[in-house]
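Colleague: I'm passing along entry15.csv; it holds CSV, C-alpha atoms.
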chain,number,residue,atom,x,y,z
A,835,MET,CA,16.1,-18.3,14.7
A,836,ILE,CA,14.3,-20.6,12.3
A,837,TYR,CA,11.6,-22.9,13.6
A,838,SER,CA,10.6,-26.0,11.7
A,839,ASN,CA,7.8,-28.5,12.1
A,840,TYR,CA,10.3,-31.3,11.8
A,841,TYR,CA,13.8,-32.1,12.8
A,842,SER,CA,15.6,-35.4,12.3
A,843,ASN,CA,17.0,-37.6,15.0
A,844,PRO,CA,20.8,-37.6,15.5
A,845,THR,CA,22.6,-39.7,13.0
A,846,SER,CA,24.8,-41.6,15.5
A,847,PRO,CA,24.3,-40.6,19.1
A,848,THR,CA,27.2,-41.3,21.4
A,849,GLY,CA,28.4,-40.0,24.8
A,850,VAL,CA,30.0,-40.8,28.1
A,851,SER,CA,28.6,-41.7,31.5
A,852,ILE,CA,27.4,-38.4,33.1
A,853,ASN,CA,27.5,-38.0,36.9
A,854,GLY,CA,27.3,-34.5,38.5
A,855,GLN,CA,25.6,-31.2,38.6
A,856,ILE,CA,24.9,-28.7,35.8
A,857,THR,CA,24.2,-25.2,36.7
A,858,LYS,CA,21.3,-23.0,35.4
A,859,ALA,CA,23.7,-20.8,33.5
A,860,ASN,CA,25.2,-23.9,31.8
A,861,TYR,CA,22.0,-25.7,31.0
A,862,TYR,CA,20.6,-22.4,29.6
A,863,ALA,CA,23.7,-22.0,27.4
A,864,TYR,CA,23.5,-25.6,26.3
A,865,ALA,CA,19.9,-25.1,25.2
A,866,GLN,CA,20.9,-22.2,23.0
A,867,SER,CA,23.6,-24.3,21.5
A,868,ILE,CA,21.2,-27.1,20.7
A,869,VAL,CA,18.7,-24.8,19.1
A,870,SER,CA,21.5,-23.3,17.0
A,871,PHE,CA,22.8,-26.7,15.9
A,872,MET,CA,19.3,-27.9,15.0
A,873,ASP,CA,18.5,-24.8,13.0
A,874,SER,CA,21.7,-25.1,11.1
A,875,ASN,CA,21.6,-28.9,10.5
A,876,GLY,CA,17.9,-29.8,10.5
A,877,ARG,CA,18.6,-32.6,13.0
A,878,ALA,CA,19.3,-33.1,16.7
A,879,PRO,CA,23.0,-33.3,17.7
A,880,ASN,CA,24.6,-36.7,18.5
A,881,TYR,CA,25.9,-35.4,21.8
A,882,LEU,CA,26.1,-32.2,23.8
A,883,GLY,CA,29.6,-31.1,25.0
A,884,THR,CA,29.1,-30.3,28.7
A,885,SER,CA,31.3,-29.6,31.7
A,886,LEU,CA,30.7,-33.3,32.7
A,887,GLY,CA,31.7,-34.7,29.3
A,888,ASN,CA,29.9,-35.4,26.0
A,889,MET,CA,26.3,-36.1,27.0
A,890,GLN,CA,24.4,-38.4,24.6
A,891,TYR,CA,21.3,-37.0,22.9
A,892,GLN,CA,18.9,-39.2,24.9
A,893,THR,CA,20.5,-38.1,28.2
A,894,VAL,CA,20.1,-34.5,27.1
A,895,ILE,CA,16.4,-35.0,26.7
A,896,TYR,CA,16.3,-36.7,30.1
A,897,MET,CA,18.1,-33.7,31.7
A,898,TYR,CA,15.7,-31.2,30.2
A,899,SER,CA,12.7,-33.3,31.3
A,900,LEU,CA,14.1,-33.1,34.9
A,901,ILE,CA,14.4,-29.3,34.6
A,902,LEU,CA,10.9,-28.9,33.2
A,903,ALA,CA,9.4,-31.2,35.9
A,904,PHE,CA,11.1,-29.1,38.6
A,905,GLN,CA,9.7,-25.9,37.0
A,906,LEU,CA,6.2,-27.4,36.9
A,907,ASP,CA,6.4,-28.5,40.6
A,908,ASN,CA,8.0,-25.3,41.9
A,909,GLY,CA,7.1,-22.5,39.6
A,910,ARG,CA,10.7,-21.7,38.8
A,911,LEU,CA,13.7,-23.2,37.1
A,912,PRO,CA,16.2,-25.1,39.3
A,913,ASN,CA,19.6,-23.5,40.1
A,914,TYR,CA,21.2,-26.8,39.0
A,915,VAL,CA,20.2,-30.2,37.8
A,916,THR,CA,21.9,-33.4,39.0
A,917,ILE,CA,22.5,-36.1,36.4
A,918,ASN,CA,23.7,-39.7,37.0
A,919,ILE,CA,23.3,-41.7,33.8
A,920,ALA,CA,25.7,-44.3,32.6
A,921,SER,CA,26.4,-44.4,28.9
A,922,SER,CA,25.1,-48.0,28.9
A,923,HIS,CA,21.8,-47.0,30.5
A,924,SER,CA,18.7,-48.2,28.6
A,925,ILE,CA,17.5,-44.6,27.9
A,926,ASN,CA,20.4,-44.2,25.6
A,927,ASN,CA,19.3,-47.2,23.4
A,928,TYR,CA,16.2,-45.7,21.9
A,929,LEU,CA,15.4,-42.7,19.7
A,930,PRO,CA,12.0,-41.1,19.6
A,931,VAL,CA,9.8,-41.5,16.6
A,932,TYR,CA,8.4,-38.2,15.4
What would you get if you wrote out this structure as structure tokens?
Modeller:
Amino acid sequence: MIYSNYYSNPTSPTGVSINGQITKANYYAYAQSIVSFMDSNGRAPNYLGTSLGNMQYQTVIYMYSLILAFQLDNGRLPNYVTINIASSHSINNYLPVY
């Protein structure tokens, strides 16, 4: 695995509305996929293919923030994470500035 001090934002983030649960096994596998993509491409992916559909980059960040908040509060990772974010939600309109 190659770690860099800098990765670019996705070039054109897109995705569908996401509503449902993602299990620990799946969000762990998705994290591995994201790291692999970023190491290969030097940028974040536009979307993440999930069991609930193509999750837009910004929704992915939100999902992992929920997971980390749970871990902080409970001292363990959650067995699943519930996501209900419309593709038109305001969080999908902005990209972080690094």
Colleague: Considering all atoms listed in the file, state which residue in the set A:Gln905, A:Ser899, A:Ser851, A:Ser885 is at the smallest distance from A:Ile919.
Modeller: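 Residue with the minimum atom-to-atom distance to A:Ile919: A:Ser851.
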Colleague: How many Å separate atom CA of A:Ala920 from atom CA of A:Ser846?
Modeller: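 Atom-to-atom, atom CA of A:Ala920 to atom CA of A:Ser846, that is 17.3 Å.
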Colleague: From the list A:Asn908, A:Thr893, A:Asn913, A:Asn860, which residue is nearest A:Ile925 when using all atoms listed in the file?
Modeller: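 For A:Ile925, the nearest of the given residues is A:Thr893.
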Colleague: Which of these, A:Tyr898, A:Phe871, A:Phe904, A:Tyr841, has the shortest distance to A:Ile917 once you count all atoms listed in the file?
Modeller: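 Residue with the minimum atom-to-atom distance to A:Ile917: A:Tyr898.
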Colleague: Looking at all atoms listed in the file, which of A:Ala878, A:His923, A:Lys858, A:Pro930 is the one that sits closest to A:Arg910?
Modeller: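 For A:Arg910, the nearest of the given residues is A:Lys858.
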Colleague: Please indicate the distance in Å from atom CA of A:Leu906 to atom CA of A:Ser922, rounded to one decimal place.
Modeller: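 These two atoms are separated by 29.1 Å.
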Colleague: Give me the residues within 8 Å of A:Leu882 as a list in words, counting all atoms listed in the file and dropping any in the same chain fewer than 4 places off.
Modeller: Tyr864, Ile868, Asn888, Met889, Gln890, Tyr891 and Val894 of chain A
Colleague: Take the residues just selected and output them with C-alpha atoms as a CSV table (one decimal), keeping the file's coordinate frame.
Modeller:
chain,number,residue,atom,x,y,z
A,864,TYR,CA,23.5,-25.6,26.3
A,868,ILE,CA,21.2,-27.1,20.7
A,888,ASN,CA,29.9,-35.4,26.0
A,889,MET,CA,26.3,-36.1,27.0
A,890,GLN,CA,24.4,-38.4,24.6
A,891,TYR,CA,21.3,-37.0,22.9
A,894,VAL,CA,20.1,-34.5,27.1
Colleague: Do a neighbour search on A:Gln892 at 10 Å with all atoms listed in the file, toss out local chain neighbours closer than 5 positions, and write the hits as a count of residues only.
Modeller: 15
Colleague: Kindly give the distance, in Å, that separates atom CA of A:Ala859 and atom CA of A:Asn843, rounded to a single decimal.
Modeller: 25.9 Å
Colleague: Using all atoms listed in the file, find the one residue out of A:Met872, A:Ile852, A:Ala903, A:Ala863 that sits nearest to A:Tyr840.
Modeller: A:Met872
Colleague: From the set A:Asp907, A:Ile901, A:Thr857, A:Ser842, which residue has the shortest atom-to-atom contact distance to A:Asp873, counting all atoms listed in the file?
Modeller: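 Under the stated criterion, the closest residue is A:Ser842.
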